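S.K.: To be precise about what I am sending: the file is called protein11.cif and holds mmCIF, C-alpha atoms and all ligand atoms.
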data_upload
#
loop_
_atom_site.label_atom_id
_atom_site.label_comp_id
_atom_site.auth_asym_id
_atom_site.auth_seq_id
_atom_site.Cartn_x
_atom_site.Cartn_y
_atom_site.Cartn_z
CA MET K 1 52.10 60.12 62.86
CA GLU K 2 52.45 60.77 59.13
CA ARG K 3 53.09 64.40 58.34
CA GLU K 4 52.33 65.97 54.97
CA LYS K 5 53.21 69.37 53.59
CA VAL K 6 50.14 69.54 51.34
CA LEU K 7 47.12 67.34 51.87
CA ILE K 8 44.39 67.61 49.25
CA ILE K 9 40.86 66.36 49.92
CA GLY K 10 38.88 65.68 46.76
CA SER K 11 39.57 64.43 43.25
CA GLY K 12 37.63 66.60 40.84
CA PRO K 13 39.29 69.09 38.48
CA ALA K 14 39.99 71.43 41.43
CA GLY K 15 41.75 68.78 43.54
CA TYR K 16 43.81 67.36 40.69
CA THR K 17 44.85 70.77 39.40
CA ALA K 18 45.94 71.75 42.91
CA ALA K 19 47.90 68.48 43.00
CA ILE K 20 49.61 69.14 39.66
CA TYR K 21 50.74 72.60 40.78
CA ALA K 22 51.77 71.53 44.28
CA ALA K 23 53.67 68.52 42.92
CA ARG K 24 55.50 70.60 40.33
CA ALA K 25 56.47 72.99 43.14
CA GLY K 26 58.22 70.04 44.82
CA LEU K 27 55.72 69.74 47.65
CA THR K 28 54.92 66.04 46.99
CA PRO K 29 51.23 66.38 47.86
CA VAL K 30 49.02 63.57 48.99
CA LEU K 31 45.47 63.50 47.59
CA TYR K 32 42.56 61.62 49.13
CA THR K 33 39.97 60.97 46.45
CA GLY K 34 36.79 60.73 48.52
CA GLY K 35 33.90 58.44 47.78
CA GLN K 36 33.41 59.50 44.16
CA PRO K 37 36.89 59.41 42.61
CA GLY K 38 36.97 61.94 39.80
CA GLY K 39 34.04 63.90 41.18
CA GLN K 40 30.98 65.14 39.34
CA LEU K 41 32.57 64.90 35.89
CA THR K 42 32.47 61.15 36.14
CA THR K 43 28.69 61.42 35.89
CA THR K 44 28.91 63.25 32.56
CA ASN K 45 29.46 61.78 29.14
CA ASP K 46 31.27 64.17 26.82
CA VAL K 47 32.85 67.38 28.07
CA GLU K 48 32.93 69.79 25.16
CA ASN K 49 33.53 73.10 26.91
CA PHE K 50 36.91 72.44 28.51
CA PRO K 51 39.43 74.40 26.43
CA GLY K 52 42.02 72.32 24.64
CA TYR K 53 39.84 69.43 23.51
CA PRO K 54 38.55 70.40 20.06
CA GLU K 55 36.69 67.09 19.73
CA GLY K 56 35.52 67.04 23.35
CA ILE K 57 36.54 64.46 25.91
CA ASN K 58 34.71 61.80 27.85
CA GLY K 59 34.27 63.02 31.48
CA PRO K 60 35.61 59.89 33.24
CA GLN K 61 38.56 59.75 30.80
CA MET K 62 39.39 63.37 31.54
CA MET K 63 39.56 62.59 35.23
CA ILE K 64 41.85 59.58 34.60
CA ASP K 65 44.11 61.87 32.58
CA LEU K 66 44.15 64.50 35.33
CA GLN K 67 45.05 61.83 37.88
CA LYS K 68 47.90 60.56 35.69
CA GLN K 69 49.17 64.10 35.21
CA ALA K 70 49.14 64.70 38.98
CA GLU K 71 50.91 61.38 39.63
CA ARG K 72 53.51 62.03 36.97
CA PHE K 73 54.91 64.85 39.11
CA GLY K 74 54.85 62.89 42.36
CA THR K 75 51.33 63.23 43.79
CA ARG K 76 50.36 60.24 45.91
CA VAL K 77 46.72 59.48 45.17
CA HIS K 78 44.89 57.43 47.81
CA PHE K 79 41.42 56.01 47.27
CA ALA K 80 40.19 56.84 50.73
CA LEU K 81 37.84 59.19 52.54
CA ALA K 82 38.69 62.08 54.82
CA THR K 83 36.16 61.44 57.57
CA ALA K 84 37.03 64.15 60.12
CA VAL K 85 39.30 67.17 60.50
CA ASP K 86 40.76 69.05 63.42
CA PHE K 87 41.80 72.51 62.37
CA SER K 88 41.93 73.90 65.91
CA ALA K 89 45.74 73.86 66.00
CA TRP K 90 48.66 73.73 63.57
CA PRO K 91 49.79 71.31 62.23
CA LEU K 92 46.31 70.51 61.01
CA LYS K 93 44.88 67.02 61.46
CA VAL K 94 42.83 64.96 59.04
CA THR K 95 41.33 61.57 59.86
CA ILE K 96 41.30 59.09 57.01
CA ASP K 97 38.67 56.32 56.82
CA GLU K 98 37.75 56.90 60.46
CA SER K 99 40.98 55.28 61.55
CA LYS K 100 44.26 56.95 60.63
CA VAL K 101 45.09 60.54 61.62
CA VAL K 102 47.46 62.42 59.33
CA GLU K 103 49.16 65.71 60.21
CA ALA K 104 49.25 68.34 57.50
CA GLU K 105 51.05 71.64 57.23
CA SER K 106 48.47 72.79 54.70
CA VAL K 107 45.14 71.39 53.55
CA ILE K 108 43.43 72.07 50.25
CA VAL K 109 39.71 71.39 50.50
CA ALA K 110 38.36 70.35 47.09
CA THR K 111 35.39 68.24 48.11
CA GLY K 112 33.02 69.76 45.56
CA ALA K 113 29.28 69.86 45.61
CA SER K 114 26.60 67.40 44.66
CA ALA K 115 23.60 68.25 42.54
CA LYS K 116 20.35 67.50 44.27
CA TYR K 117 18.06 64.93 42.69
CA LEU K 118 14.39 64.26 43.36
CA GLY K 119 15.13 60.76 44.57
CA LEU K 120 12.96 58.88 42.08
CA PRO K 121 14.12 55.39 41.07
CA SER K 122 13.40 56.29 37.42
CA GLU K 123 15.90 59.17 37.68
CA GLU K 124 18.61 56.65 38.46
CA THR K 125 17.49 54.30 35.71
CA PHE K 126 18.01 57.03 33.11
CA ALA K 127 21.08 58.72 34.62
CA ASN K 128 23.32 59.65 31.67
CA LYS K 129 20.55 58.46 29.34
CA GLY K 130 18.57 61.67 29.31
CA VAL K 131 18.67 62.70 32.98
CA SER K 132 21.18 65.43 33.74
CA ALA K 133 21.81 68.00 36.44
CA CYS K 134 23.81 70.34 34.21
CA ALA K 135 22.26 72.08 31.21
CA VAL K 136 25.48 73.86 30.28
CA CYS K 137 27.31 70.50 30.20
CA ASP K 138 24.72 68.39 28.42
CA GLY K 139 22.24 70.75 26.73
CA PHE K 140 24.07 70.57 23.43
CA PHE K 141 23.12 66.89 23.07
CA TYR K 142 19.44 67.87 23.03
CA ARG K 143 19.60 70.28 20.11
CA GLY K 144 16.33 70.26 18.19
CA LYS K 145 14.64 68.13 20.87
CA GLU K 146 12.09 68.71 23.62
CA VAL K 147 13.28 68.77 27.22
CA ALA K 148 12.00 69.34 30.75
CA VAL K 149 13.64 71.29 33.57
CA VAL K 150 12.64 70.88 37.23
CA GLY K 151 13.09 73.78 39.64
CA ALA K 152 12.03 77.36 40.18
CA GLY K 153 15.14 79.18 41.33
CA ASP K 154 17.71 81.18 39.40
CA SER K 155 19.39 77.98 38.19
CA ALA K 156 16.15 76.62 36.75
CA ALA K 157 15.39 79.97 35.11
CA GLU K 158 18.88 80.27 33.69
CA GLU K 159 19.04 76.67 32.49
CA SER K 160 15.58 76.83 30.85
CA THR K 161 16.53 80.02 29.04
CA TYR K 162 19.82 78.46 27.95
CA LEU K 163 18.07 75.29 26.73
CA SER K 164 15.36 77.28 24.93
CA LYS K 165 18.02 78.45 22.47
CA LEU K 166 19.00 74.87 21.62
CA CYS K 167 15.79 72.93 22.00
CA THR K 168 12.48 73.12 20.21
CA LYS K 169 10.60 73.37 23.49
CA VAL K 170 11.39 73.50 27.21
CA HIS K 171 8.87 72.39 29.83
CA LEU K 172 9.63 74.06 33.16
CA ILE K 173 8.19 72.05 36.04
CA VAL K 174 7.46 74.26 39.07
CA ARG K 175 6.08 72.72 42.24
CA ARG K 176 4.34 75.85 43.55
CA ASP K 177 2.29 78.58 41.85
CA GLU K 178 5.25 80.94 41.87
CA MET K 179 8.96 80.92 41.21
CA ARG K 180 11.72 81.73 43.64
CA ALA K 181 13.99 83.07 40.87
CA SER K 182 14.78 86.79 40.67
CA LYS K 183 12.12 88.85 38.89
CA ILE K 184 14.30 89.60 35.88
CA MET K 185 15.10 85.93 35.32
CA GLN K 186 11.45 84.98 35.74
CA GLN K 187 10.48 87.61 33.17
CA ARG K 188 13.01 86.17 30.76
CA VAL K 189 11.44 82.73 31.21
CA LEU K 190 7.88 83.98 30.81
CA ASN K 191 8.79 86.01 27.73
CA THR K 192 10.41 83.10 25.94
CA PRO K 193 7.81 81.61 23.60
CA ASN K 194 9.19 78.06 23.60
CA ILE K 195 9.26 77.70 27.39
CA GLU K 196 6.04 76.33 28.85
CA VAL K 197 5.72 76.56 32.64
CA HIS K 198 3.78 73.78 34.37
CA TRP K 199 2.71 75.34 37.69
CA ASN K 200 1.87 73.34 40.84
CA SER K 201 3.45 70.34 39.18
CA GLU K 202 5.51 67.53 40.61
CA THR K 203 7.42 64.91 38.71
CA GLU K 204 5.94 61.56 39.50
CA GLU K 205 8.10 59.52 37.16
CA VAL K 206 10.65 59.86 34.41
CA LEU K 207 9.47 57.72 31.50
CA GLY K 208 11.73 55.97 29.04
CA ASP K 209 12.83 52.88 27.18
CA ASP K 210 16.08 51.40 25.89
CA SER K 211 16.79 54.58 23.94
CA GLY K 212 16.67 56.69 27.12
CA VAL K 213 14.19 59.26 28.40
CA THR K 214 10.98 59.58 26.40
CA GLY K 215 8.79 61.60 28.73
CA VAL K 216 7.79 62.72 32.20
CA ARG K 217 4.63 61.99 34.22
CA LEU K 218 3.46 65.09 36.05
CA LEU K 219 1.08 65.35 38.97
CA ASN K 220 -0.77 68.60 39.56
CA ASN K 221 -0.68 68.96 43.35
CA LYS K 222 -3.72 71.30 43.34
CA THR K 223 -6.08 69.30 41.14
CA GLY K 224 -4.61 65.79 41.43
CA GLU K 225 -4.60 65.60 37.64
CA LYS K 226 -1.83 63.57 36.01
CA LYS K 227 -0.41 64.11 32.56
CA ASP K 228 2.46 62.76 30.50
CA ILE K 229 4.64 65.09 28.47
CA SER K 230 6.94 63.88 25.77
CA VAL K 231 10.61 64.91 26.24
CA GLN K 232 14.02 63.43 25.47
CA GLY K 233 15.95 65.26 28.17
CA PHE K 234 15.15 65.73 31.87
CA PHE K 235 17.22 68.36 33.69
CA LEU K 236 17.34 68.85 37.44
CA ALA K 237 17.90 72.41 38.66
CA ILE K 238 16.79 72.14 42.26
CA GLY K 239 20.05 73.24 43.83
CA HIS K 240 23.37 71.81 44.87
CA LYS K 241 24.67 70.72 48.22
CA PRO K 242 28.31 71.47 48.98
CA ASN K 243 30.17 68.53 50.49
CA THR K 244 31.19 70.26 53.69
CA ASP K 245 29.71 68.21 56.51
CA ILE K 246 33.10 67.27 57.96
CA PHE K 247 34.16 70.93 58.13
CA LYS K 248 31.15 72.18 60.11
CA GLY K 249 32.22 74.19 63.13
CA GLN K 250 35.78 74.51 61.79
CA LEU K 251 35.53 76.47 58.56
CA ASP K 252 33.36 79.54 58.06
CA MET K 253 30.52 78.78 55.66
CA ASP K 254 27.60 80.65 54.19
CA GLU K 255 24.01 79.75 55.01
CA SER K 256 23.98 76.99 52.36
CA GLY K 257 27.19 75.39 53.61
CA TYR K 258 29.60 76.71 50.95
CA VAL K 259 33.05 77.44 52.41
CA LYS K 260 33.77 81.16 52.64
CA VAL K 261 37.07 82.32 51.17
CA ILE K 262 38.71 85.71 51.19
CA PRO K 263 37.67 87.16 47.81
CA GLY K 264 40.38 86.90 45.18
CA SER K 265 42.08 84.06 47.06
CA THR K 266 41.37 80.55 48.29
CA LYS K 267 42.13 81.36 51.96
CA THR K 268 39.61 80.22 54.53
CA ASN K 269 39.27 81.49 58.09
CA VAL K 270 41.85 78.88 59.19
CA GLU K 271 45.48 79.58 58.42
CA GLY K 272 46.86 76.92 56.10
CA VAL K 273 43.47 75.70 54.91
CA PHE K 274 42.45 76.61 51.38
CA ALA K 275 39.13 75.91 49.64
CA VAL K 276 38.97 75.41 45.88
CA GLY K 277 36.39 74.48 43.25
CA ASP K 278 32.67 73.99 43.76
CA VAL K 279 32.94 73.66 47.53
CA ALA K 280 33.49 77.41 47.60
CA ASP K 281 31.64 78.41 44.44
CA ARG K 282 27.88 78.53 44.26
CA VAL K 283 27.79 80.57 41.07
CA TYR K 284 30.02 79.26 38.26
CA ARG K 285 30.43 75.53 39.06
CA GLN K 286 32.31 74.66 35.86
CA ALA K 287 35.20 72.24 35.44
CA ILE K 288 37.40 74.99 34.07
CA THR K 289 36.66 77.44 36.91
CA ALA K 290 37.24 74.63 39.43
CA ALA K 291 40.57 73.82 37.78
CA GLY K 292 41.53 77.49 37.86
CA SER K 293 40.79 77.79 41.53
CA GLY K 294 42.68 74.54 42.21
CA CYS K 295 45.72 76.22 40.73
CA MET K 296 45.15 79.25 42.97
CA GLY K 297 44.86 76.98 46.02
CA ALA K 298 48.21 75.32 45.32
CA LEU K 299 49.92 78.69 44.83
CA ASP K 300 48.33 80.02 48.05
CA ALA K 301 49.46 76.90 49.94
CA GLU K 302 52.96 77.19 48.52
CA LYS K 303 53.21 80.79 49.63
CA PHE K 304 51.84 79.93 53.08
CA LEU K 305 54.38 77.12 53.52
CA ALA K 306 57.26 79.31 52.38
CA ALA K 307 56.29 81.93 54.96
CA LYS K 308 55.95 79.22 57.61
CA GLU K 309 59.38 77.75 56.69
CA GLY K 310 60.86 81.11 57.48
CA LEU K 311 59.37 80.88 60.98
CA VAL K 312 59.45 77.16 61.79
CA ALA K 313 62.54 74.98 61.65
CA HIS K 314 61.88 71.43 60.37
P1 LIG S 1 17.64 77.48 44.91
O1 LIG S 1 17.82 76.78 46.21
O2 LIG S 1 17.60 78.96 44.87
O3 LIG S 1 16.29 76.98 44.23
C1 LIG S 1 15.96 75.64 44.18
C2 LIG S 1 14.62 75.56 43.50
O4 LIG S 1 14.33 74.18 43.32
C3 LIG S 1 13.49 76.18 44.30
O5 LIG S 1 12.68 76.95 43.48
C4 LIG S 1 12.74 74.98 44.86
O6 LIG S 1 11.36 75.14 44.90
C5 LIG S 1 13.04 73.92 43.81
N1 LIG S 1 13.03 72.60 44.42
C6 LIG S 1 13.76 72.16 45.46
N2 LIG S 1 13.48 70.88 45.73
C7 LIG S 1 12.53 70.51 44.82
C8 LIG S 1 11.83 69.32 44.59
N3 LIG S 1 12.05 68.23 45.33
N4 LIG S 1 10.92 69.30 43.59
C9 LIG S 1 10.71 70.38 42.83
N5 LIG S 1 11.33 71.56 43.00
C10 LIG S 1 12.25 71.62 43.99
O7 LIG S 1 18.80 76.86 43.97
P2 LIG S 1 19.45 77.44 42.64
O8 LIG S 1 20.42 76.41 42.20
O9 LIG S 1 18.42 77.87 41.69
O10 LIG S 1 20.25 78.70 43.12
C11 LIG S 1 21.25 78.59 44.15
C12 LIG S 1 21.86 79.96 44.38
O11 LIG S 1 22.65 80.35 43.27
C13 LIG S 1 20.82 81.06 44.57
O12 LIG S 1 21.30 81.95 45.53
C14 LIG S 1 20.75 81.71 43.21
O13 LIG S 1 20.32 83.06 43.30
C15 LIG S 1 22.19 81.59 42.74
N6 LIG S 1 22.24 81.56 41.28
C16 LIG S 1 22.40 82.74 40.63
C17 LIG S 1 22.45 82.78 39.27
C18 LIG S 1 22.63 84.09 38.60
O14 LIG S 1 22.53 85.10 39.26
N7 LIG S 1 22.94 84.12 37.34
C19 LIG S 1 22.29 81.58 38.44
C20 LIG S 1 22.09 80.39 39.22
C21 LIG S 1 22.05 80.41 40.59
P3 LIG S 1 10.63 76.12 45.95
O15 LIG S 1 10.82 77.49 45.42
O16 LIG S 1 9.23 75.65 45.90
O17 LIG S 1 11.30 75.89 47.27
#
Could you render the structure as structure tokens?
Ligand code: NDP

M.R.:
Amino acid sequence: MEREKVLIIGSGPAGYTAAIYAARAGLTPVLYTGGQPGGQLTTTNDVENFPGYPEGINGPQMMIDLQKQAERFGTRVHFALATAVDFSAWPLKVTIDESKVVEAESVIVATGASAKYLGLPSEETFANKGVSACAVCDGFFYRGKEVAVVGAGDSAAEESTYLSKLCTKVHLIVRRDEMRASKIMQQRVLNTPNIEVHWNSETEEVLGDDSGVTGVRLLNNKTGEKKDISVQGFFLAIGHKPNTDIFKGQLDMDESGYVKVIPGSTKTNVEGVFAVGDVADRVYRQAITAAGSGCMGALDAEKFLAAKEGLVAH
């Protein structure tokens, strides 16, 4: 059976940064990319908030660069899926593509999270052409324009408030007659003159043409009334789902499925398993914070292995 010192699952900024650090520490990590090589950033156009790129950088290009940087120091990148794990004993075991089992002395979990979408075909049609699940990433492109935000939690409240400073008007689409967001964030929304809340409203369709999104068709679920609003941007803020299905029953998670780590570290409840990036972060969810925690994960793994080396002869 293959045995690895550091096995990284996931290929977003967290996974690749962990790989860069682990590789430079001489640990020759192996990284399994998962089904969406490059992670969520590959669904973004320009990334303008990652320090060090004064002109911004195209999201997919940034991920290619991170991969190259990780490979330059000896990371082996495999385009394959981790389909099961067995963390019940050490060395840890990871099944790849439902067929091969690899032993690992340490595992860095960097599987990220996926934004939830409504599931409308028109959302897919206009993905990257006006439909976005990240206001902080993409809001800037809608300066001086009208946009819609779907959701009623803290994310929707925060993203609408954020967008209201850039856009002429924000339409907040709420499916019930109340919001789930904390009172203070709701107040902020209701007190912002250029945010209009559409209560009891569901998105029936995202409208658009060759130029991208041009509007949204709303259905009032109380009255049955339909109306079209004119917007150029359509933002989803209906929550994220951490990609943790394969770790259920093995890693401690919170009620939403985010991996729990010991605060101030990337250590999980299993010795030798570290969680980095969005899979363990329901609050910040930025490329730069993911990269930072990837670095922490590699340093934690390195320290763990050094301590283990002292105890286990190889
Ligand atoms: P939440 O799960 O809290 O809220 C999701 C919202 O989306 C709900 O209001 C829900 O509506 C709505 N929704 C879900 N599915 C649909 C759908 N199909 N159509 C329309 N609306 C839908 O997710 P958030 O991302 O807002 O927050 C996640 C966590 O992160 C929370 O714990 C939150 O407090 C925290 N957070 C904190 C922040 C802060 O403190 N600064 C900022 C952002 C998030 P309904 O209410 O009807 O179920």

S.K.: Give me the residues within 9 Å of stretch 182-185 of chain K as a PyMOL selection string, counting only C-alpha atoms and dropping any in the same chain fewer than 6 places off.

M.R.: chain K and resi 153-154+157-158+161

S.K.: Measuring atom to atom with all atoms listed in the file, identify which of K:Val213, K:Ala237, K:Ala19, K:Ala307 is nearest to ligand LIG 1 (chain S).

M.R.: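 Of K:Val213, K:Ala237, K:Ala19, K:Ala307, the one nearest ligand LIG 1 (chain S) is K:Ala237, counting all atoms listed in the file.
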
S.K.: Could you tell me which of K:Ala135, K:Leu218, K:Val270, K:Ile9 comes closest to K:Gly112 if we count only C-alpha atoms?

M.R.: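 Nearest candidate to K:Gly112 out of K:Ala135, K:Leu218, K:Val270, K:Ile9: K:Ile9.
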
S.K.: Between K:Ile108, K:Leu27, K:Val101, K:Leu92, single out the one closest to K:Met1, counting only C-alpha atoms.

M.R.: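 Among the listed residues, the smallest separation from K:Met1 belongs to K:Val101.
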
S.K.: Do you have, as JSON lines, the list of residues of chain K lying at most 9 Å from ligand LIG 1 (chain S), each with its nearest atom pair and that distance in Å to one decimal, counting all atoms listed in the file and ordered by chain then number?

M.R.:
{"residue": "K:Ala115", "atom": "CA", "partner": "S:LIG1", "partner_atom": "O8", "distance": 8.8}
{"residue": "K:Lys116", "atom": "CA", "partner": "S:LIG1", "partner_atom": "N2", "distance": 7.8}
{"residue": "K:Tyr117", "atom": "CA", "partner": "S:LIG1", "partner_atom": "N3", "distance": 7.3}
{"residue": "K:Leu118", "atom": "CA", "partner": "S:LIG1", "partner_atom": "N3", "distance": 5.0}
{"residue": "K:Gly119", "atom": "CA", "partner": "S:LIG1", "partner_atom": "N3", "distance": 8.1}
{"residue": "K:Val150", "atom": "CA", "partner": "S:LIG1", "partner_atom": "C9", "distance": 5.9}
{"residue": "K:Gly151", "atom": "CA", "partner": "S:LIG1", "partner_atom": "O4", "distance": 3.9}
{"residue": "K:Ala152", "atom": "CA", "partner": "S:LIG1", "partner_atom": "O5", "distance": 3.4}
{"residue": "K:Gly153", "atom": "CA", "partner": "S:LIG1", "partner_atom": "O9", "distance": 3.6}
{"residue": "K:Asp154", "atom": "CA", "partner": "S:LIG1", "partner_atom": "O9", "distance": 4.1}
{"residue": "K:Ser155", "atom": "CA", "partner": "S:LIG1", "partner_atom": "O9", "distance": 3.6}
{"residue": "K:Ala156", "atom": "CA", "partner": "S:LIG1", "partner_atom": "O9", "distance": 5.6}
{"residue": "K:Ala157", "atom": "CA", "partner": "S:LIG1", "partner_atom": "O9", "distance": 7.5}
{"residue": "K:Glu158", "atom": "CA", "partner": "S:LIG1", "partner_atom": "C19", "distance": 6.0}
{"residue": "K:Glu159", "atom": "CA", "partner": "S:LIG1", "partner_atom": "C20", "distance": 8.3}
{"residue": "K:Ile173", "atom": "CA", "partner": "S:LIG1", "partner_atom": "C9", "distance": 7.4}
{"residue": "K:Val174", "atom": "CA", "partner": "S:LIG1", "partner_atom": "N5", "distance": 6.1}
{"residue": "K:Arg175", "atom": "CA", "partner": "S:LIG1", "partner_atom": "C9", "distance": 5.2}
{"residue": "K:Arg176", "atom": "CA", "partner": "S:LIG1", "partner_atom": "O16", "distance": 5.4}
{"residue": "K:Asp177", "atom": "CA", "partner": "S:LIG1", "partner_atom": "O16", "distance": 8.6}
{"residue": "K:Glu178", "atom": "CA", "partner": "S:LIG1", "partner_atom": "O15", "distance": 7.5}
{"residue": "K:Met179", "atom": "CA", "partner": "S:LIG1", "partner_atom": "O15", "distance": 5.7}
{"residue": "K:Arg180", "atom": "CA", "partner": "S:LIG1", "partner_atom": "O15", "distance": 4.7}
{"residue": "K:Ala181", "atom": "CA", "partner": "S:LIG1", "partner_atom": "O2", "distance": 6.8}
{"residue": "K:Ser182", "atom": "CA", "partner": "S:LIG1", "partner_atom": "O13", "distance": 7.2}
{"residue": "K:Met185", "atom": "CA", "partner": "S:LIG1", "partner_atom": "N7", "distance": 8.3}
{"residue": "K:Ser201", "atom": "CA", "partner": "S:LIG1", "partner_atom": "C9", "distance": 8.1}
{"residue": "K:Glu202", "atom": "CA", "partner": "S:LIG1", "partner_atom": "C9", "distance": 6.3}
{"residue": "K:Thr203", "atom": "CA", "partner": "S:LIG1", "partner_atom": "N4", "distance": 7.4}
{"residue": "K:Leu236", "atom": "CA", "partner": "S:LIG1", "partner_atom": "O4", "distance": 8.5}
{"residue": "K:Ala237", "atom": "CA", "partner": "S:LIG1", "partner_atom": "O8", "distance": 5.9}
{"residue": "K:Ile238", "atom": "CA", "partner": "S:LIG1", "partner_atom": "O4", "distance": 3.4}
{"residue": "K:Gly239", "atom": "CA", "partner": "S:LIG1", "partner_atom": "O8", "distance": 3.6}
{"residue": "K:His240", "atom": "CA", "partner": "S:LIG1", "partner_atom": "O8", "distance": 6.1}
{"residue": "K:Ser256", "atom": "CA", "partner": "S:LIG1", "partner_atom": "O1", "distance": 8.7}
{"residue": "K:Arg282", "atom": "CA", "partner": "S:LIG1", "partner_atom": "O11", "distance": 5.6}
{"residue": "K:Val283", "atom": "CA", "partner": "S:LIG1", "partner_atom": "O11", "distance": 5.6}
{"residue": "K:Tyr284", "atom": "CA", "partner": "S:LIG1", "partner_atom": "C20", "distance": 8.1}

S.K.: Quick one: stretch 141-156 of chain K with N, CA, C and O atoms, as a PDB file, keeping the file's coordinate frame?

M.R.:
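As written to disk, out_31.pdb reads:
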ATOM      1  N   PHE K 141      23.531  68.191  23.613  1.00  0.00           N
ATOM      2  CA  PHE K 141      23.120  66.890  23.070  1.00  0.00           C
ATOM      3  C   PHE K 141      21.619  66.839  22.791  1.00  0.00           C
ATOM      4  O   PHE K 141      21.130  65.867  22.238  1.00  0.00           O
ATOM      5  N   TYR K 142      20.906  67.873  23.208  1.00  0.00           N
ATOM      6  CA  TYR K 142      19.440  67.870  23.030  1.00  0.00           C
ATOM      7  C   TYR K 142      18.999  68.938  22.028  1.00  0.00           C
ATOM      8  O   TYR K 142      17.863  69.375  22.048  1.00  0.00           O
ATOM      9  N   ARG K 143      19.927  69.315  21.159  1.00  0.00           N
ATOM     10  CA  ARG K 143      19.600  70.280  20.110  1.00  0.00           C
ATOM     11  C   ARG K 143      18.438  69.762  19.283  1.00  0.00           C
ATOM     12  O   ARG K 143      18.428  68.603  18.884  1.00  0.00           O
ATOM     13  N   GLY K 144      17.451  70.637  19.051  1.00  0.00           N
ATOM     14  CA  GLY K 144      16.330  70.260  18.190  1.00  0.00           C
ATOM     15  C   GLY K 144      15.372  69.286  18.851  1.00  0.00           C
ATOM     16  O   GLY K 144      14.508  68.717  18.179  1.00  0.00           O
ATOM     17  N   LYS K 145      15.528  69.074  20.178  1.00  0.00           N
ATOM     18  CA  LYS K 145      14.640  68.130  20.870  1.00  0.00           C
ATOM     19  C   LYS K 145      13.841  68.862  21.941  1.00  0.00           C
ATOM     20  O   LYS K 145      14.088  70.033  22.225  1.00  0.00           O
ATOM     21  N   GLU K 146      12.901  68.140  22.542  1.00  0.00           N
ATOM     22  CA  GLU K 146      12.090  68.710  23.620  1.00  0.00           C
ATOM     23  C   GLU K 146      12.631  68.232  24.955  1.00  0.00           C
ATOM     24  O   GLU K 146      12.987  67.054  25.092  1.00  0.00           O
ATOM     25  N   VAL K 147      12.723  69.145  25.924  1.00  0.00           N
ATOM     26  CA  VAL K 147      13.280  68.770  27.220  1.00  0.00           C
ATOM     27  C   VAL K 147      12.425  69.330  28.350  1.00  0.00           C
ATOM     28  O   VAL K 147      11.594  70.236  28.133  1.00  0.00           O
ATOM     29  N   ALA K 148      12.647  68.802  29.560  1.00  0.00           N
ATOM     30  CA  ALA K 148      12.000  69.340  30.750  1.00  0.00           C
ATOM     31  C   ALA K 148      13.061  69.774  31.744  1.00  0.00           C
ATOM     32  O   ALA K 148      14.148  69.193  31.794  1.00  0.00           O
ATOM     33  N   VAL K 149      12.750  70.810  32.505  1.00  0.00           N
ATOM     34  CA  VAL K 149      13.640  71.290  33.570  1.00  0.00           C
ATOM     35  C   VAL K 149      12.800  71.333  34.843  1.00  0.00           C
ATOM     36  O   VAL K 149      11.686  71.855  34.830  1.00  0.00           O
ATOM     37  N   VAL K 150      13.340  70.798  35.949  1.00  0.00           N
ATOM     38  CA  VAL K 150      12.640  70.880  37.230  1.00  0.00           C
ATOM     39  C   VAL K 150      13.322  71.921  38.100  1.00  0.00           C
ATOM     40  O   VAL K 150      14.548  71.933  38.214  1.00  0.00           O
ATOM     41  N   GLY K 151      12.530  72.772  38.736  1.00  0.00           N
ATOM     42  CA  GLY K 151      13.090  73.780  39.640  1.00  0.00           C
ATOM     43  C   GLY K 151      12.425  75.113  39.408  1.00  0.00           C
ATOM     44  O   GLY K 151      11.668  75.285  38.428  1.00  0.00           O
ATOM     45  N   ALA K 152      12.675  76.059  40.316  1.00  0.00           N
ATOM     46  CA  ALA K 152      12.030  77.360  40.180  1.00  0.00           C
ATOM     47  C   ALA K 152      12.908  78.482  40.697  1.00  0.00           C
ATOM     48  O   ALA K 152      12.452  79.596  40.920  1.00  0.00           O
ATOM     49  N   GLY K 153      14.192  78.160  40.883  1.00  0.00           N
ATOM     50  CA  GLY K 153      15.140  79.180  41.330  1.00  0.00           C
ATOM     51  C   GLY K 153      15.889  79.789  40.154  1.00  0.00           C
ATOM     52  O   GLY K 153      15.530  79.561  38.991  1.00  0.00           O
ATOM     53  N   ASP K 154      16.928  80.548  40.466  1.00  0.00           N
ATOM     54  CA  ASP K 154      17.710  81.180  39.400  1.00  0.00           C
ATOM     55  C   ASP K 154      18.344  80.152  38.474  1.00  0.00           C
ATOM     56  O   ASP K 154      18.437  80.373  37.262  1.00  0.00           O
ATOM     57  N   SER K 155      18.774  79.019  39.046  1.00  0.00           N
ATOM     58  CA  SER K 155      19.390  77.980  38.190  1.00  0.00           C
ATOM     59  C   SER K 155      18.374  77.468  37.183  1.00  0.00           C
ATOM     60  O   SER K 155      18.680  77.341  35.992  1.00  0.00           O
ATOM     61  N   ALA K 156      17.178  77.159  37.651  1.00  0.00           N
ATOM     62  CA  ALA K 156      16.150  76.620  36.750  1.00  0.00           C
ATOM     63  C   ALA K 156      15.802  77.642  35.670  1.00  0.00           C
ATOM     64  O   ALA K 156      15.645  77.292  34.496  1.00  0.00           O
TER      65      ALA K 156
END
